[in-house]
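Structure data follow from model.txt (compact mmCIF, C-alpha atoms):
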# COMPACT_ATOMS: atom_id res chain seq x y z
CA MET A 1 0.00 0.00 0.00
CA SER A 2 1.13 3.56 -0.47
CA THR A 3 2.32 5.18 2.74
CA PRO A 4 -0.87 6.10 4.60
CA THR A 5 -1.55 9.14 6.74
CA ILE A 6 -1.95 6.73 9.63
CA GLN A 7 0.80 4.15 10.03
CA PHE A 8 0.70 1.03 12.20
CA THR A 9 4.09 0.00 13.54
CA ASN A 10 3.30 -1.51 16.96
CA GLY A 11 1.43 -4.80 16.85
CA ALA A 12 0.81 -5.00 20.61
CA ALA A 13 -0.54 -1.44 20.85
CA TYR A 14 -2.73 -2.08 17.81
CA GLU A 15 -4.08 -5.26 19.39
CA ARG A 16 -5.31 -3.36 22.44
CA TYR A 17 -6.51 -0.33 20.50
CA MET A 18 -8.13 -1.91 17.44
CA GLY A 19 -7.42 -5.65 17.19
CA LEU A 20 -10.01 -6.50 19.83
CA TRP A 21 -12.61 -4.39 18.01
CA SER A 22 -11.70 -6.02 14.70
CA GLN A 23 -12.15 -9.51 16.06
CA GLN A 24 -15.59 -8.68 17.47
CA VAL A 25 -16.75 -7.55 14.04
CA GLY A 26 -14.85 -10.39 12.41
CA GLN A 27 -16.71 -13.04 14.39
CA ALA A 28 -20.06 -11.78 13.11
CA PHE A 29 -18.66 -11.23 9.62
CA ILE A 30 -17.33 -14.78 9.24
CA GLY A 31 -20.65 -16.23 10.35
CA TRP A 32 -22.48 -14.09 7.81
CA LEU A 33 -20.02 -14.76 4.98
CA GLY A 34 -20.62 -18.49 5.20
CA ALA A 35 -17.55 -19.49 3.19
CA PRO A 36 -17.11 -23.27 2.93
CA ALA A 37 -14.40 -24.92 5.02
CA GLY A 38 -11.13 -25.92 3.42
CA GLY A 39 -10.66 -22.87 1.21
CA ARG A 40 -7.58 -20.92 0.26
CA TRP A 41 -7.81 -17.59 2.11
CA LEU A 42 -6.08 -14.24 1.60
CA ASP A 43 -6.24 -11.55 4.29
CA VAL A 44 -5.47 -8.24 2.55
CA GLY A 45 -4.11 -5.65 4.96
CA CYS A 46 -3.80 -8.31 7.64
CA GLY A 47 -1.99 -6.01 10.08
CA ASN A 48 -1.06 -7.85 13.25
CA GLY A 49 -3.12 -10.90 12.28
CA ALA A 50 -6.26 -10.18 14.32
CA PHE A 51 -8.63 -11.31 11.56
CA THR A 52 -6.22 -13.92 10.19
CA GLU A 53 -6.40 -15.61 13.58
CA LEU A 54 -10.19 -15.84 13.33
CA VAL A 55 -9.94 -17.47 9.90
CA ALA A 56 -7.45 -20.03 11.24
CA GLN A 57 -9.66 -20.81 14.23
CA ARG A 58 -13.07 -20.89 12.55
CA CYS A 59 -12.74 -21.59 8.83
CA GLN A 60 -10.48 -24.66 8.58
CA PRO A 61 -8.56 -23.10 5.69
CA GLN A 62 -6.60 -25.27 3.32
CA SER A 63 -4.11 -22.41 3.07
CA LEU A 64 -3.92 -18.96 4.62
CA ALA A 65 -1.97 -15.90 3.47
CA GLY A 66 -1.76 -12.38 4.85
CA ILE A 67 -0.29 -9.28 3.25
CA ASP A 68 0.47 -5.92 4.88
CA PRO A 69 2.88 -3.00 4.36
CA SER A 70 4.06 -2.94 8.00
CA ALA A 71 6.97 -5.23 8.89
CA GLN A 72 6.34 -4.64 12.61
CA GLN A 73 2.71 -5.65 12.35
CA LEU A 74 3.66 -8.78 10.43
CA ASP A 75 6.20 -9.71 13.12
CA PHE A 76 3.37 -9.61 15.68
CA ALA A 77 1.15 -11.69 13.38
CA ARG A 78 3.83 -14.35 12.96
CA ALA A 79 4.02 -14.73 16.74
CA ARG A 80 0.39 -15.86 16.94
CA ALA A 81 0.49 -19.60 17.57
CA SER A 82 -2.91 -20.14 15.96
CA THR A 83 -1.72 -18.77 12.60
CA ALA A 84 1.51 -20.75 12.37
CA GLN A 85 0.29 -22.15 9.04
CA ALA A 86 -0.13 -18.68 7.53
CA GLU A 87 2.24 -17.20 4.98
CA TYR A 88 2.72 -13.52 5.80
CA VAL A 89 4.09 -11.23 3.11
CA GLN A 90 5.01 -7.55 3.21
CA GLY A 91 3.36 -5.90 0.24
CA ASP A 92 0.81 -3.60 -1.36
CA ALA A 93 -2.95 -4.18 -1.41
CA MET A 94 -3.15 -2.36 -4.72
CA ALA A 95 -0.51 -4.57 -6.35
CA LEU A 96 -0.97 -8.04 -4.86
CA PRO A 97 2.06 -10.29 -5.44
CA TYR A 98 -0.04 -13.25 -6.59
CA GLY A 99 -1.14 -14.69 -9.89
CA ALA A 100 -4.73 -14.87 -11.06
CA ALA A 101 -7.28 -17.20 -9.45
CA GLN A 102 -5.00 -18.41 -6.62
CA PHE A 103 -7.50 -18.04 -3.77
CA ASP A 104 -11.04 -19.05 -2.90
CA VAL A 105 -11.67 -16.12 -0.55
CA ALA A 106 -10.02 -12.69 -0.31
CA VAL A 107 -11.00 -10.44 2.58
CA MET A 108 -10.04 -6.85 3.34
CA PRO A 109 -10.81 -6.23 7.04
CA LEU A 110 -10.84 -2.57 8.20
CA VAL A 111 -8.53 -1.58 5.36
CA ILE A 112 -10.35 -0.19 2.34
CA PHE A 113 -10.41 3.40 3.62
CA PHE A 114 -6.60 3.31 3.91
CA LEU A 115 -6.18 2.78 0.17
CA SER A 116 -5.50 5.78 -2.05
CA ASP A 117 -7.31 3.91 -4.84
CA PRO A 118 -9.97 1.64 -3.29
CA ALA A 119 -11.26 0.52 -6.72
CA LEU A 120 -7.83 -0.81 -7.59
CA GLY A 121 -7.68 -2.71 -4.29
CA VAL A 122 -11.03 -4.40 -4.97
CA ALA A 123 -10.01 -5.18 -8.55
CA GLU A 124 -6.81 -6.80 -7.28
CA MET A 125 -8.76 -9.03 -4.90
CA ALA A 126 -11.08 -10.03 -7.73
CA ARG A 127 -8.07 -10.83 -9.92
CA VAL A 128 -6.45 -13.24 -7.45
CA VAL A 129 -9.70 -15.07 -6.53
CA ARG A 130 -10.92 -17.94 -8.70
CA PRO A 131 -14.24 -17.79 -10.58
CA GLY A 132 -16.99 -18.59 -8.08
CA GLY A 133 -14.84 -17.45 -5.16
CA LEU A 134 -15.64 -14.66 -2.72
CA VAL A 135 -14.28 -11.11 -2.45
CA ALA A 136 -15.28 -9.51 0.83
CA ALA A 137 -14.57 -6.68 3.25
CA TYR A 138 -15.77 -5.01 6.38
CA SER A 139 -15.03 -1.41 7.26
CA TRP A 140 -15.96 1.04 9.99
CA ASP A 141 -18.74 3.31 8.74
CA MET A 142 -16.50 6.39 8.89
CA PRO A 143 -18.87 8.92 7.27
CA ALA A 144 -21.70 8.03 9.67
CA GLY A 145 -19.63 8.00 12.88
CA GLY A 146 -19.28 4.23 13.17
CA PHE A 147 -15.57 4.38 14.05
CA PRO A 148 -15.00 3.06 17.62
CA TYR A 149 -13.16 6.23 18.64
CA ALA A 150 -15.28 8.77 16.78
CA LEU A 151 -16.15 10.44 20.07
CA LEU A 152 -12.46 10.98 20.86
CA GLN A 153 -11.92 12.39 17.38
CA ASP A 154 -14.84 14.79 17.89
CA GLU A 155 -13.47 16.06 21.19
CA LEU A 156 -9.95 16.49 19.81
CA SER A 157 -11.35 18.45 16.90
CA ALA A 158 -13.28 20.64 19.35
CA LEU A 159 -9.94 21.50 20.95
CA GLY A 160 -8.58 22.56 17.57
CA VAL A 161 -6.47 19.44 17.11
CA THR A 162 -6.18 18.12 13.56
CA VAL A 163 -6.95 14.42 13.71
CA PRO A 164 -5.17 12.15 11.20
CA THR A 165 -7.60 10.72 8.68
CA PRO A 166 -7.28 7.83 6.22
CA PRO A 167 -6.95 8.66 2.51
CA SER A 168 -10.39 7.37 1.48
CA PRO A 169 -12.88 7.52 4.38
CA GLN A 170 -15.79 7.71 1.93
CA ALA A 171 -14.95 4.20 0.71
CA SER A 172 -16.51 2.75 3.86
CA ASP A 173 -19.97 4.11 2.98
CA MET A 174 -22.30 1.26 2.06
CA ASP A 175 -23.39 2.76 -1.25
CA VAL A 176 -19.77 3.38 -2.21
CA LEU A 177 -18.86 -0.19 -1.30
CA ARG A 178 -21.62 -1.54 -3.55
CA THR A 179 -20.37 0.64 -6.40
CA LEU A 180 -16.80 -0.57 -5.90
CA TRP A 181 -17.82 -4.23 -5.89
CA ALA A 182 -20.03 -3.83 -8.96
CA GLY A 183 -17.27 -1.90 -10.72
CA ALA A 184 -14.91 -4.84 -10.19
CA GLY A 185 -17.36 -7.09 -12.03
CA LEU A 186 -18.42 -8.99 -8.93
CA ARG A 187 -21.89 -10.52 -8.86
CA ASP A 188 -24.40 -11.71 -6.23
CA ILE A 189 -23.33 -8.77 -4.04
CA ALA A 190 -24.62 -8.82 -0.48
CA THR A 191 -24.23 -6.24 2.29
CA ARG A 192 -25.03 -5.82 5.95
CA ASP A 193 -24.08 -3.58 8.84
CA ILE A 194 -22.56 -5.01 12.00
CA THR A 195 -22.81 -3.26 15.37
CA VAL A 196 -20.54 -4.34 18.21
CA GLN A 197 -19.77 -3.21 21.74
CA ARG A 198 -16.64 -3.25 23.84
CA THR A 199 -16.35 -2.71 27.59
CA TYR A 200 -13.35 -0.99 29.13
CA ALA A 201 -12.65 -1.77 32.79
CA SER A 202 -12.54 1.93 33.65
CA PHE A 203 -11.95 5.34 32.15
CA GLY A 204 -8.28 4.77 32.93
CA ASP A 205 -8.35 1.62 30.81
CA TYR A 206 -9.94 3.55 27.92
CA TRP A 207 -7.45 6.40 28.26
CA ASP A 208 -4.43 4.09 28.38
CA THR A 209 -5.76 2.27 25.32
CA VAL A 210 -6.07 5.41 23.19
CA GLN A 211 -2.67 6.63 24.35
CA GLY A 212 -1.21 3.80 22.28
CA ALA A 213 -3.34 4.57 19.22
CA PRO A 214 -1.26 4.81 16.03
CA SER A 215 -3.60 7.48 14.71
CA MET A 216 -4.04 9.66 17.79
CA GLY A 217 -1.46 8.68 20.42
CA ALA A 218 1.06 11.29 19.30
CA LYS A 219 -1.63 13.97 19.23
CA LEU A 220 -2.66 13.12 22.79
CA ALA A 221 0.95 13.15 23.98
CA ALA A 222 1.47 16.61 22.48
CA LEU A 223 -1.48 18.20 24.30
CA SER A 224 -0.80 20.75 27.01
CA ALA A 225 -1.69 19.81 30.58
CA GLU A 226 -4.68 22.16 30.37
CA HIS A 227 -5.98 20.65 27.16
CA THR A 228 -5.41 17.12 28.48
CA ALA A 229 -7.47 17.88 31.57
CA THR A 230 -10.22 19.45 29.44
CA LEU A 231 -10.27 16.49 27.06
CA LYS A 232 -10.46 13.96 29.88
CA ALA A 233 -13.33 15.86 31.52
CA ARG A 234 -15.28 16.04 28.25
CA LEU A 235 -14.72 12.37 27.53
CA GLN A 236 -15.76 11.29 31.02
CA ALA A 237 -18.94 13.34 30.70
CA ARG A 238 -19.84 11.46 27.51
CA LEU A 239 -18.48 8.01 28.39
CA VAL A 240 -20.86 7.19 31.21
CA ALA A 241 -19.54 4.50 33.55
CA ASN A 242 -21.70 1.85 35.21
CA ALA A 243 -21.73 1.12 38.94
CA ALA A 244 -18.53 -0.91 38.58
CA GLY A 245 -16.79 1.94 36.79
CA GLU A 246 -16.86 0.15 33.44
CA ILE A 247 -17.37 2.01 30.19
CA THR A 248 -19.11 0.39 27.22
CA CYS A 249 -18.63 1.80 23.72
CA ALA A 250 -20.32 0.85 20.47
CA ALA A 251 -19.11 0.84 16.88
CA ARG A 252 -20.66 0.02 13.51
CA ALA A 253 -19.10 -1.53 10.44
CA ASN A 254 -20.36 -2.01 6.91
CA ALA A 255 -19.75 -5.46 5.40
CA ILE A 256 -19.91 -6.64 1.80
CA PHE A 257 -19.14 -9.64 -0.33
CA GLY A 258 -19.48 -10.61 -3.97
CA THR A 259 -18.69 -13.56 -6.20
CA VAL A 260 -16.05 -13.55 -8.93
Written as C-alpha cells, how would this file's structure read?
Amino acid sequence: MSTPTIQFTNGAAYERYMGLWSQQVGQAFIGWLGAPAGGRWLDVGCGNGAFTELVAQRCQPQSLAGIDPSAQQLDFARARASTAQAEYVQGDAMALPYGAAQFDVAVMPLVIFFLSDPALGVAEMARVVRPGGLVAAYSWDMPAGGFPYALLQDELSALGVTVPTPPSPQASDMDVLRTLWAGAGLRDIATRDITVQRTYASFGDYWDTVQGAPSMGAKLAALSAEHTATLKARLQARLVANAAGEITCAARANAIFGTV
C-alpha cells in the first residue's frame, strides 16, 4: 500500500486499541459470509493478524496468506500460535504479489479506507480469486460516525487538534462499497451492517488504550496539561460509567461480499 496518513508500527498497541474491536466484528462477519471450510484464504491488509487468527480458528482453511505493508505488524502476526500455518508477506494491497485465481476467498478487514485507490484494491482481490470465489470486506462506517473512537476524534477536533484521517474515508460508505464491488465485475453482491460493543474496565483503561493509538497517540501526547485535563473531563462526561466503573462503547461496520 502507499504510505498512509496513519501508520501502524506496533502490533501489541494495535491489538489493544483496534485488534479487539476487529475480532468482534470479524466473528459476526465470518458467520455471515458463510464461506465453505477448506478454502484458500487471503487476508489483505492483515496487520497484526487479528482477523487472520479468526480465519485459522473458525474456517479450517486449506491455506492462509496475509499481506500488509508494516513489517512490525507482520512480526506480531507471525508470533500468533494459531496462525503458524499462515504465509505472511510484506506488500501492497493495490498490487498483490499473486497470480490470477490463486484463492477461494479474499478479505479486506478494516482496510479499504486506507487505500489511495480503493477501486484498484477491490479489482486486485477479484483478480487473485478464482471464478466462483468470494471477495469480501468489512469497514468502519467512517462517514456516519461508526468508528469506535469517533467520540475521541470529535473532542480532539473541538480542541482545535487536527486528527489524522485515512486517505479514502468515503470508501466505507455502504453505497460506495456496492459501487466498488459492482465496478470490479463482482456478482451476487450482499451487504449488511454489524454493530458491536466493547467494555473498558474503567476510564483509565480507555485512556491508556487510546494513548497507544497509532492514529491519535502522538496527538494526545502533544497536548498541554490544560488541554489534556479538558479532554479527559469532556470524555468522562460522555463516556458514562456503570456502577462498577466500566465504560461500554459501540461501533458500527459495513460489510460486503461478492462472487467472482
Between CA of Val107 in chain A and CA of Val135 in chain A, what is the distance in Å, rounded to a tenth? 6.0 Å
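For the atom pair formed by CA of Pro169 in chain A and CA of Phe114 in chain A, the distance is 7.6 Å, given to one decimal.
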How big is the axis-aligned box, and where does its centre sit, when it encloses all atoms of range 152-162 of chain A listed in the file and has 4 Å added on every side, reported in Å to one decimal as lines of an AutoDock Vina configuration file?
center_x = -10.5
center_y = 16.8
center_z = 17.4
size_x = 16.7
size_y = 19.6
size_z = 15.6
CA of Ala79 in chain A sits from CA of Arg58 in chain A at a separation of 18.6 Å
Using all atoms listed in the file, the shortest atom-to-atom distance to Ser116 in chain A among A:Ala100, A:Val89, A:Leu152, A:Ala171 belongs to A:Ala171
For Tyr206 in chain A, please output as a PyMOL selection string all residues within 10 Å (counting only C-alpha atoms; exclusion window: fewer than 4 positions along the same chain). chain A and resi 16-17+199-202+210-211+239+246-249
Got a sec: who's within 8 Å of Val44 in chain A, counting only C-alpha atoms, leaving out chain neighbours fewer than 2 positions off, as a count of residues only? 11
Measuring atom to atom with all atoms listed in the file, identify which of A:Met174, A:Ala221, A:Val128, A:Ala71 is nearest to Arg252 in chain A. A:Met174
